[in-house]
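Visitor: Dropping in query_7.cif, which is mmCIF, C-alpha atoms:
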```cif
data_data
#
loop_
_atom_site.label_atom_id
_atom_site.label_comp_id
_atom_site.auth_asym_id
_atom_site.auth_seq_id
_atom_site.Cartn_x
_atom_site.Cartn_y
_atom_site.Cartn_z
CA LEU X 242 -33.53 -38.52 91.16
CA LEU X 243 -30.03 -39.37 89.97
CA ASN X 244 -29.32 -43.07 90.61
CA ILE X 245 -25.68 -43.51 91.65
CA ASN X 246 -23.98 -46.85 92.30
CA VAL X 247 -20.62 -46.39 94.03
CA GLY X 248 -18.74 -49.62 94.60
CA GLY X 249 -22.00 -51.59 94.94
CA LYS X 250 -23.74 -49.09 97.26
CA LEU X 251 -26.82 -47.28 95.88
CA PHE X 252 -27.36 -43.55 96.41
CA TYR X 253 -30.28 -41.42 95.21
CA ILE X 254 -29.63 -37.71 94.79
CA ALA X 255 -31.99 -35.06 93.43
CA TYR X 256 -30.97 -33.50 90.12
CA ASN X 257 -31.44 -29.96 91.39
CA ALA X 258 -29.17 -30.72 94.41
CA VAL X 259 -26.16 -31.73 92.28
CA ALA X 260 -26.91 -29.09 89.59
CA ARG X 261 -26.06 -26.38 92.14
CA TYR X 262 -22.39 -27.43 91.78
CA PRO X 263 -21.89 -27.58 87.99
CA ILE X 264 -18.09 -27.93 88.13
CA THR X 265 -18.28 -31.20 90.10
CA ARG X 266 -18.46 -34.60 88.39
CA LEU X 267 -22.06 -35.31 89.43
CA GLY X 268 -23.07 -31.73 88.59
CA LYS X 269 -21.80 -32.22 85.05
CA LEU X 270 -23.56 -35.59 84.92
CA ALA X 271 -26.88 -33.92 85.79
CA LEU X 272 -26.46 -31.00 83.36
CA TYR X 273 -25.06 -32.79 80.31
CA THR X 274 -27.58 -33.84 77.66
CA ASP X 275 -25.17 -35.70 75.41
CA PRO X 276 -25.12 -39.42 76.41
CA MET X 277 -21.51 -39.82 75.21
CA LYS X 278 -20.29 -37.06 77.54
CA LYS X 279 -22.18 -38.68 80.43
CA MET X 280 -20.50 -42.02 79.72
CA GLN X 281 -17.10 -40.32 79.95
CA LEU X 282 -17.91 -39.20 83.49
CA CYS X 283 -18.81 -42.65 84.89
CA ASP X 284 -17.37 -46.17 84.67
CA ASP X 285 -20.55 -47.87 83.48
CA TYR X 286 -24.28 -47.25 82.90
CA SER X 287 -27.29 -49.57 83.29
CA VAL X 288 -30.06 -48.69 80.84
CA GLN X 289 -32.66 -50.89 82.55
CA LYS X 290 -32.10 -49.35 85.98
CA ASN X 291 -31.05 -45.90 84.70
CA GLU X 292 -28.09 -46.26 87.05
CA TYR X 293 -24.62 -44.75 86.80
CA PHE X 294 -21.84 -46.92 88.18
CA PHE X 295 -18.60 -45.57 89.73
CA ASP X 296 -15.82 -47.92 90.78
CA ARG X 297 -14.80 -45.81 93.80
CA ASP X 298 -14.73 -46.11 97.58
CA PRO X 299 -18.35 -46.05 98.90
CA SER X 300 -17.23 -45.20 102.47
CA ILE X 301 -15.75 -41.89 101.29
CA PHE X 302 -18.74 -41.22 99.04
CA TYR X 303 -20.96 -40.94 102.12
CA TYR X 304 -19.22 -37.61 102.79
CA ILE X 305 -19.76 -36.56 99.16
CA PHE X 306 -23.41 -37.59 99.37
CA HIS X 307 -23.86 -35.54 102.53
CA PHE X 308 -22.17 -32.57 100.86
CA TYR X 309 -24.72 -32.49 98.00
CA ARG X 310 -27.59 -32.66 100.48
CA SER X 311 -26.33 -30.07 103.00
CA GLY X 312 -23.74 -28.02 101.11
CA VAL X 313 -21.09 -28.74 103.77
CA LEU X 314 -18.20 -31.20 103.40
CA TRP X 315 -17.63 -32.94 106.72
CA ILE X 316 -14.32 -34.66 107.48
CA MET X 317 -13.98 -37.30 110.18
CA ASP X 318 -10.75 -38.06 112.03
CA GLU X 319 -10.68 -41.72 111.01
CA VAL X 320 -10.34 -41.07 107.26
CA CYS X 321 -6.96 -41.33 105.58
CA PRO X 322 -5.94 -37.85 104.35
CA SER X 323 -4.31 -39.10 101.15
CA ASN X 324 -7.28 -41.30 100.23
CA PHE X 325 -9.79 -38.57 101.06
CA VAL X 326 -7.98 -35.95 98.93
CA GLU X 327 -7.75 -38.40 96.04
CA GLU X 328 -11.51 -39.15 96.25
CA ILE X 329 -12.71 -35.54 96.48
CA GLU X 330 -10.42 -34.59 93.58
CA TYR X 331 -12.05 -37.36 91.53
CA TRP X 332 -15.53 -36.06 92.35
CA GLY X 333 -14.42 -32.50 91.63
CA ILE X 334 -15.15 -31.12 95.09
CA HIS X 335 -12.79 -28.58 96.66
CA LEU X 336 -11.69 -28.72 100.28
CA LYS X 337 -12.93 -25.12 100.75
CA TYR X 338 -16.51 -26.47 101.10
CA SER X 339 -15.58 -27.99 104.46
CA GLN X 340 -15.95 -26.18 107.78
CA ARG X 341 -12.92 -24.22 108.97
CA CYS X 342 -12.47 -26.37 112.09
CA CYS X 343 -12.51 -29.57 110.03
CA ARG X 344 -10.20 -28.08 107.42
CA ILE X 345 -7.59 -26.98 109.97
CA LEU X 346 -7.50 -30.38 111.67
CA PHE X 347 -7.41 -32.15 108.32
CA GLU X 348 -4.52 -30.02 107.02
CA GLU X 349 -2.59 -30.63 110.26
CA LYS X 350 -3.12 -34.35 109.83
CA GLN X 351 -1.98 -34.06 106.21
CA ASP X 352 1.19 -32.25 107.26
CA GLU X 353 1.91 -34.86 109.94
CA LEU X 354 1.46 -37.65 107.43
CA SER X 355 3.69 -35.92 104.86
CA GLU X 356 6.37 -35.34 107.50
CA TYR X 357 6.13 -38.96 108.64
CA LEU X 358 6.50 -40.28 105.08
CA LYS X 359 9.40 -37.91 104.44
CA ILE X 360 11.22 -39.08 107.58
CA GLN X 361 10.54 -42.73 106.72
CA LYS X 362 12.06 -42.19 103.28
CA GLU X 363 15.13 -40.47 104.75
CA LEU X 364 15.53 -43.22 107.35
CA GLU X 365 15.50 -45.85 104.62
CA ALA X 366 18.04 -43.80 102.66
CA GLU X 367 20.19 -43.60 105.81
CA LEU X 368 20.63 -47.38 105.83
CA GLU X 369 20.48 -47.90 102.09
CA PRO X 370 23.99 -48.62 100.75
CA LEU X 371 25.50 -46.40 98.08
CA ASP X 372 25.65 -49.27 95.60
CA SER X 373 23.42 -52.26 95.14
CA ALA X 374 24.09 -55.53 93.39
CA GLU X 375 22.36 -54.31 90.22
CA HIS X 376 24.82 -51.41 89.81
CA PHE X 377 27.71 -53.78 89.10
CA GLU X 378 26.07 -55.59 86.22
CA GLY X 379 27.85 -54.93 82.94
CA LYS X 380 30.66 -52.98 84.65
CA PHE X 381 34.39 -53.70 84.32
CA LEU X 382 35.28 -56.51 86.75
CA GLY X 383 31.74 -56.19 88.07
CA ARG X 384 31.70 -59.51 89.89
CA PHE X 385 35.05 -58.87 91.59
CA ARG X 386 34.07 -55.33 92.59
CA ARG X 387 30.75 -56.55 93.92
CA MET X 388 32.56 -59.09 96.07
CA ILE X 389 34.84 -56.38 97.51
CA TRP X 390 31.85 -54.09 98.03
CA ASN X 391 30.01 -56.75 100.05
CA LEU X 392 33.17 -57.36 102.05
CA ILE X 393 33.62 -53.68 102.97
CA GLU X 394 30.11 -52.18 102.96
CA ASN X 395 27.85 -55.04 104.04
CA PRO X 396 28.98 -56.53 107.38
CA TYR X 397 26.05 -58.97 107.40
CA SER X 398 26.89 -60.53 104.04
CA SER X 399 29.54 -62.94 105.37
CA VAL X 400 31.77 -63.75 108.32
CA PRO X 401 34.89 -62.09 106.77
CA ALA X 402 32.82 -58.92 106.19
CA LYS X 403 31.81 -58.90 109.84
CA ILE X 404 35.44 -59.40 110.89
CA ILE X 405 36.55 -56.44 108.74
CA ALA X 406 33.81 -54.27 110.29
CA VAL X 407 34.96 -55.22 113.79
CA MET X 408 38.61 -54.60 112.83
CA SER X 409 37.70 -51.18 111.46
CA SER X 410 36.10 -50.16 114.76
CA PHE X 411 39.03 -51.71 116.68
CA PHE X 412 41.64 -49.73 114.71
CA VAL X 413 39.67 -46.51 115.23
CA LEU X 414 39.70 -47.03 119.00
CA ILE X 415 43.38 -48.01 118.97
CA SER X 416 44.22 -44.90 116.94
CA ILE X 417 42.35 -42.61 119.36
CA VAL X 418 44.01 -44.27 122.37
CA GLY X 419 47.42 -43.91 120.70
CA MET X 420 46.83 -40.22 119.98
CA THR X 421 45.78 -39.71 123.61
CA LEU X 422 48.82 -41.53 125.03
CA SER X 423 51.19 -39.58 122.76
CA THR X 424 50.41 -36.44 124.80
CA VAL X 425 51.49 -38.09 128.08
CA GLU X 426 54.88 -36.85 129.23
CA GLU X 427 56.26 -40.36 129.88
CA MET X 428 55.43 -41.41 126.30
CA LYS X 429 57.32 -38.50 124.73
CA HIS X 430 60.68 -40.19 125.24
CA LYS X 431 62.45 -41.98 122.41
CA THR X 432 61.08 -45.49 123.06
CA GLY X 433 57.48 -44.39 123.68
CA LYS X 434 57.53 -42.02 120.72
CA MET X 435 58.80 -44.80 118.46
CA TRP X 436 55.99 -47.14 119.58
CA MET X 437 53.38 -44.42 119.01
CA GLU X 438 54.72 -43.70 115.52
CA GLN X 439 54.64 -47.40 114.60
CA LEU X 440 51.07 -47.72 115.93
CA GLU X 441 50.01 -44.66 113.93
CA MET X 442 51.62 -46.09 110.80
CA ILE X 443 49.79 -49.43 111.17
CA CYS X 444 46.45 -47.67 111.68
CA ALA X 445 47.07 -45.36 108.71
CA ILE X 446 47.93 -48.33 106.47
CA PHE X 447 44.72 -50.12 107.48
CA PHE X 448 42.56 -47.00 106.94
CA THR X 449 44.22 -46.33 103.57
CA SER X 450 43.67 -49.92 102.43
CA GLU X 451 40.04 -49.74 103.53
CA TYR X 452 39.51 -46.45 101.68
CA LEU X 453 41.13 -47.73 98.49
CA MET X 454 39.02 -50.90 98.59
CA ARG X 455 35.88 -48.78 98.87
CA LEU X 456 37.07 -46.59 96.00
CA ILE X 457 37.81 -49.58 93.77
CA SER X 458 34.52 -51.32 94.54
CA SER X 459 32.36 -48.22 94.02
CA SER X 460 30.19 -48.37 90.91
CA SER X 461 30.07 -44.55 90.62
CA PHE X 462 33.05 -42.35 91.42
CA LYS X 463 30.83 -39.26 91.65
CA ASN X 464 28.50 -40.86 94.22
CA PHE X 465 31.52 -42.12 96.13
CA LEU X 466 32.88 -38.58 96.55
CA ARG X 467 29.48 -37.23 97.58
CA ALA X 468 29.02 -39.74 100.41
CA ALA X 469 29.56 -38.27 103.88
CA PHE X 470 31.11 -41.43 105.34
CA ASN X 471 33.71 -41.53 102.56
CA ALA X 472 34.62 -37.92 103.32
CA VAL X 473 35.11 -38.95 106.97
CA ASP X 474 37.37 -41.81 105.86
CA LEU X 475 39.45 -39.40 103.79
CA VAL X 476 39.79 -36.98 106.72
CA ALA X 477 40.87 -39.93 108.88
CA ILE X 478 43.87 -40.80 106.68
CA LEU X 479 44.95 -37.40 105.34
CA PRO X 480 46.59 -36.11 108.59
CA PHE X 481 49.10 -38.98 108.55
CA TYR X 482 50.39 -38.20 105.06
CA VAL X 483 50.21 -34.43 105.53
CA GLN X 484 52.21 -34.85 108.74
CA ILE X 485 54.92 -36.79 106.88
CA LEU X 486 55.01 -34.08 104.21
CA PHE X 487 55.26 -31.25 106.73
CA GLU X 488 57.94 -33.03 108.75
CA ASN X 489 60.08 -33.38 105.62
CA LEU X 490 59.53 -29.71 104.82
CA ASP X 491 60.32 -28.84 108.42
CA GLU X 492 63.69 -30.61 108.23
CA GLY X 493 64.58 -28.88 104.97
CA ASP X 494 63.49 -25.46 106.23
CA THR X 495 65.43 -25.91 109.46
CA LEU X 496 68.71 -26.31 107.57
CA TYR X 497 67.87 -23.35 105.38
CA HIS X 498 66.85 -21.08 108.26
CA GLU X 499 69.85 -22.03 110.37
CA GLU X 500 72.04 -20.54 107.66
CA LEU X 501 69.93 -17.37 107.54
CA HIS X 502 69.27 -17.29 111.33
CA LYS X 503 65.53 -16.97 110.75
CA VAL X 504 63.50 -19.57 112.58
CA GLU X 505 60.14 -17.83 112.97
CA ASN X 506 58.67 -19.60 109.92
CA VAL X 507 59.81 -22.94 111.28
CA SER X 508 57.87 -22.31 114.50
CA LYS X 509 54.79 -21.44 112.46
CA LEU X 510 55.20 -24.70 110.57
CA GLY X 511 55.34 -26.55 113.88
CA LYS X 512 52.01 -25.01 114.93
CA VAL X 513 50.43 -26.11 111.67
CA LEU X 514 51.85 -29.60 112.22
CA LYS X 515 50.24 -29.75 115.68
CA LEU X 516 46.92 -28.73 114.14
CA ILE X 517 47.26 -31.47 111.51
CA LYS X 518 47.94 -34.03 114.23
CA LEU X 519 44.86 -32.86 116.12
CA MET X 520 42.72 -33.63 113.05
CA ARG X 521 43.18 -37.32 113.82
CA ILE X 522 40.46 -36.94 116.45
CA PHE X 523 37.93 -36.98 113.58
CA ARG X 524 38.69 -40.69 113.15
CA ILE X 525 36.19 -41.39 115.89
CA LEU X 526 33.48 -40.40 113.41
CA LYS X 527 34.30 -43.59 111.50
CA LEU X 528 32.51 -45.49 114.26
CA ALA X 529 29.22 -44.07 112.95
CA ARG X 530 29.53 -46.29 109.86
CA HIS X 531 28.85 -49.40 111.97
CA SER X 532 26.94 -47.81 114.87
CA THR X 533 23.17 -47.46 114.66
CA GLY X 534 23.14 -45.22 117.74
CA LEU X 535 25.57 -42.68 116.23
CA ARG X 536 23.61 -42.71 112.98
CA ALA X 537 20.40 -42.07 114.89
CA PHE X 538 22.06 -39.21 116.78
CA GLY X 539 23.29 -37.60 113.56
CA PHE X 540 19.88 -38.10 111.94
CA THR X 541 18.19 -36.50 114.98
CA MET X 542 20.45 -33.46 114.75
CA ARG X 543 19.68 -33.08 111.05
CA GLN X 544 15.93 -33.37 111.60
CA CYS X 545 15.90 -31.06 114.65
CA TYR X 546 18.30 -28.40 113.38
CA GLN X 547 15.56 -25.75 113.59
CA GLN X 548 14.89 -26.50 117.28
CA VAL X 549 18.64 -26.55 117.99
CA CYS X 550 19.11 -23.21 116.21
CA CYS X 551 16.21 -21.74 118.20
CA LEU X 552 17.80 -23.00 121.42
CA LEU X 553 21.14 -21.38 120.50
CA LEU X 554 19.31 -18.14 119.63
CA PHE X 555 17.55 -18.11 123.02
CA ILE X 556 20.85 -18.81 124.78
CA ALA X 557 22.51 -15.92 122.93
CA MET X 558 19.61 -13.62 123.85
CA GLY X 559 19.84 -14.72 127.48
CA VAL X 560 23.61 -14.20 127.57
CA PHE X 561 23.35 -10.65 126.18
CA THR X 562 20.37 -9.72 128.37
CA PHE X 563 21.64 -11.00 131.72
CA SER X 564 25.23 -9.86 131.14
CA ALA X 565 23.94 -6.34 130.49
CA LEU X 566 21.76 -6.45 133.62
CA MET X 567 24.62 -7.81 135.73
CA HIS X 568 26.99 -5.13 134.48
CA SER X 569 24.49 -2.37 135.23
CA VAL X 570 24.10 -3.43 138.90
CA GLU X 571 27.70 -4.56 139.61
CA HIS X 572 30.00 -2.21 137.67
CA ASP X 573 30.30 0.26 140.63
CA VAL X 574 31.37 -2.41 143.13
CA PRO X 575 35.12 -2.15 143.99
CA GLY X 576 37.17 -5.06 142.63
CA THR X 577 34.31 -6.44 140.56
CA ASN X 578 34.93 -8.70 137.58
CA PHE X 579 31.92 -7.26 135.74
CA THR X 580 33.83 -4.26 134.40
CA SER X 581 32.11 -4.47 131.01
CA ILE X 582 29.33 -6.38 129.30
CA PRO X 583 31.75 -8.59 127.28
CA TYR X 584 33.46 -9.58 130.57
CA ALA X 585 30.05 -10.64 131.91
CA TRP X 586 29.34 -12.90 128.91
CA TRP X 587 31.27 -15.82 130.39
CA TRP X 588 29.39 -15.60 133.69
CA ALA X 589 26.04 -15.42 131.86
CA ALA X 590 26.88 -18.40 129.63
CA VAL X 591 28.01 -20.53 132.60
CA SER X 592 24.93 -19.58 134.64
CA LEU X 593 22.49 -20.21 131.77
CA SER X 594 23.95 -23.66 131.24
CA THR X 595 23.47 -24.30 135.02
CA VAL X 596 27.12 -25.35 135.29
CA GLY X 597 28.10 -22.55 137.67
CA TYR X 598 31.89 -22.66 138.04
CA GLY X 599 31.82 -19.96 140.73
CA ASP X 600 34.87 -18.18 139.30
CA THR X 601 32.83 -14.97 138.92
CA VAL X 602 30.03 -14.17 141.37
CA PRO X 603 27.96 -11.05 142.12
CA ASP X 604 28.46 -9.19 145.41
CA THR X 605 25.32 -7.06 145.69
CA VAL X 606 21.77 -8.13 146.49
CA LEU X 607 20.53 -6.88 143.12
CA GLY X 608 23.31 -8.80 141.41
CA ARG X 609 22.28 -12.02 143.16
CA MET X 610 18.67 -11.45 142.14
CA VAL X 611 19.79 -11.07 138.52
CA ALA X 612 21.86 -14.25 138.90
CA PHE X 613 18.83 -16.11 140.28
CA GLY X 614 16.76 -14.95 137.29
CA CYS X 615 19.53 -16.03 134.91
CA ILE X 616 19.77 -19.51 136.47
CA SER X 617 15.97 -19.94 136.51
CA PHE X 618 15.75 -18.92 132.86
CA GLY X 619 18.55 -21.39 132.05
CA ILE X 620 16.72 -24.28 133.76
CA ILE X 621 13.51 -23.55 131.83
CA LEU X 622 15.40 -23.02 128.57
CA ASN X 623 17.43 -26.22 128.82
CA GLY X 624 14.41 -28.27 129.85
CA MET X 625 12.30 -27.39 126.82
CA PRO X 626 14.11 -29.15 123.94
CA ILE X 627 15.45 -32.14 125.91
CA SER X 628 12.21 -34.13 125.78
CA ILE X 629 11.71 -33.33 122.08
CA LEU X 630 15.22 -34.37 121.12
CA TYR X 631 15.19 -37.48 123.30
CA ASN X 632 11.80 -38.67 122.03
CA LYS X 633 12.83 -38.17 118.42
CA PHE X 634 16.18 -39.88 119.00
CA SER X 635 14.45 -42.89 120.60
CA ASP X 636 11.95 -43.05 117.75
CA TYR X 637 14.61 -42.78 115.02
CA TYR X 638 16.89 -45.28 116.75
CA ALA X 639 14.07 -47.84 117.04
CA LYS X 640 13.13 -47.38 113.38
CA LEU X 641 16.74 -47.62 112.19
CA LYS X 642 17.29 -50.74 114.27
CA ALA X 643 14.09 -52.35 112.98
CA HIS X 644 14.94 -51.49 109.38
CA GLU X 645 18.49 -52.81 109.88
CA ASN X 646 17.21 -56.09 111.32
CA GLU X 647 14.78 -56.51 108.40
CA ALA X 648 17.60 -55.90 105.92
#
```
How would this structure read if it were set down as structure tokens?
Guide:
Amino acid sequence: LLNINVGGKLFYIAYNAVARYPITRLGKLALYTDPMKKMQLCDDYSVQKNEYFFDRDPSIFYYIFHFYRSGVLWIMDEVCPSNFVEEIEYWGIHLKYSQRCCRILFEEKQDELSEYLKIQKELEAELEPLDSAEHFEGKFLGRFRRMIWNLIENPYSSVPAKIIAVMSSFFVLISIVGMTLSTVEEMKHKTGKMWMEQLEMICAIFFTSEYLMRLISSSSFKNFLRAAFNAVDLVAILPFYVQILFENLDEGDTLYHEELHKVENVSKLGKVLKLIKLMRIFRILKLARHSTGLRAFGFTMRQCYQQVCCLLLFIAMGVFTFSALMHSVEHDVPGTNFTSIPYAWWWAAVSLSTVGYGDTVPDTVLGRMVAFGCISFGIILNGMPISILYNKFSDYYAKLKAHENEA
């Protein structure tokens, strides 16, 4: 018998049982004749007891012990996958010796654990600031830049930092409200327009100052440009300055085109200017910097992009299928709106989403049966991913909130 002491627990295994697996650690221990090679395989050896000592987990070794006796590696649900893999790699036993049912369940558990650890790491990175206090050591004006960084990036560092965070969210809301009111007919007069322009200027000055403070306090310019939130901040302030530039060009081009009696380019410039003004709506994304809920929503969309893409694919398939069916049964009806499959796409999309505007409806019995099938398919299709997305959002939000509170 081979006397094995694993973490204080004694095991007795027949030499011929372990010799059947010569590539394993105990198989080599049984076959080697050189005492020095045997000592390299174990942690210690007792000459009096003829006992080999291994400083490993005895609870896992029970499975190894059973493997040498039966030739089958059993895996229980309660074992930690990472610990179990580490132990069997130490003993030189491959997972292929386990039963297929055990191996499948174990690999699924491994994948779940890997996915969980990956998500945990990404969640921590979601809340981890771009720069830490250590990054400013030895840098030019490091102490001053660190103070500005805490003021702008860490709302919980001081009362002024919290005030700036609240002001940032307040100016975002004011900017969105101002952009909304600027489209109201009563606000397009001279007085209202002047007030809206002044409000936009104040918001743009605040956003620019905030962006410049973040740029100055950043310890790495490259990391600053790579950050998604900083890109959002840049998009929030660019429309204001691009609008000023285009308005100046517009005035100059108007004088030039009045002399040449060509104003078509000026109208094109006006359309571009309207598009630039519309880009101010992206300022609402700045709220995500100080909103755990918006961060959790964005994180959920990133983690569930495969499910979302599958949902869009199924919707596209449903739209093409039911629009073709509706066209085939309704195209002969006088005065029908389903004159072609592309014309039926809108009806199929509205029906699949279960919105049902009623602007286009079938007239025949077959058409109504197709519509019923389309609506039923839409209900089933929309119901599938909702629970998945909601559960993941709730889980991510709770974890982000807990991590934020700990920080």
Visitor: Written as a PyMOL selection string, which residues does the PyMOL selection byres ((chain X and resi 443-456) around 10) give for the file shown?
Guide: chain X and resi 386+389-394+405+408-409+411-416+419+437-442+457-462+465-466+471-472+474-475+477-482+524
Visitor: For the atom pair atom CA of X:Pro583 and atom CA of X:Ser564, what is the interatomic distance in Å to one decimal place?
Guide: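 Answer for the atom CA of X:Pro583 to atom CA of X:Ser564 separation: 7.7 Å.
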Visitor: Quick one: apply the PyMOL selection byres ((chain X and resi 299) around 6) to the file and drop the selected residues here as a list in words.
Guide: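 For this structure, the PyMOL selection byres ((chain X and resi 299) around 6) resolves to Val247, Gly248, Asp298, Ser300, Ile301 and Phe302 of chain X.
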Visitor: Counting all atoms listed in the file, which residue out of X:Leu641, X:Met317, X:Met435, X:Ile245 sits closest to X:Asp284?
Guide: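 Once distances to X:Asp284 are computed over all atoms listed in the file, the minimum belongs to X:Ile245.
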Visitor: Please provide as a PyMOL selection string all residues within 12 Å of X:Leu519, with the sequence filter that same-chain residues fewer than 3 positions apart are discarded (counting all atoms listed in the file).
Guide: chain X and resi 417+420-421+423-424+476-477+479-481+483-484+512-516+522-524
Visitor: Looking at all atoms listed in the file, which of X:Tyr303, X:Asp318, X:Asn244, X:Pro575 is the one that sits closest to X:Tyr286?
Guide: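 Closest residue, counting all atoms listed in the file: X:Asn244.
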Visitor: Calculated over all atoms listed in the file, which of the candidates X:Glu365, X:Pro322, X:Gly624, X:His335 has the smallest distance to X:Glu353?
Guide: X:Pro322
Visitor: Could you state the separation of atom CA of X:Val313 and atom CA of X:Glu292 in Å, given to one decimal place?
Guide: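 Result for atom CA of X:Val313 versus atom CA of X:Glu292: 25.2 Å, one decimal.
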Visitor: Which distance in Å separates atom CA of X:His572 and atom CA of X:Leu593, to one decimal?
Guide: 20.4 Å
Visitor: Which residues fall under the PyMOL selection byres ((chain X and resi 536) around 12) in this file, as a ChimeraX atom specification?
Guide: /X:364,366-368,469-470,526-535,537-543,634-635,637-642,645
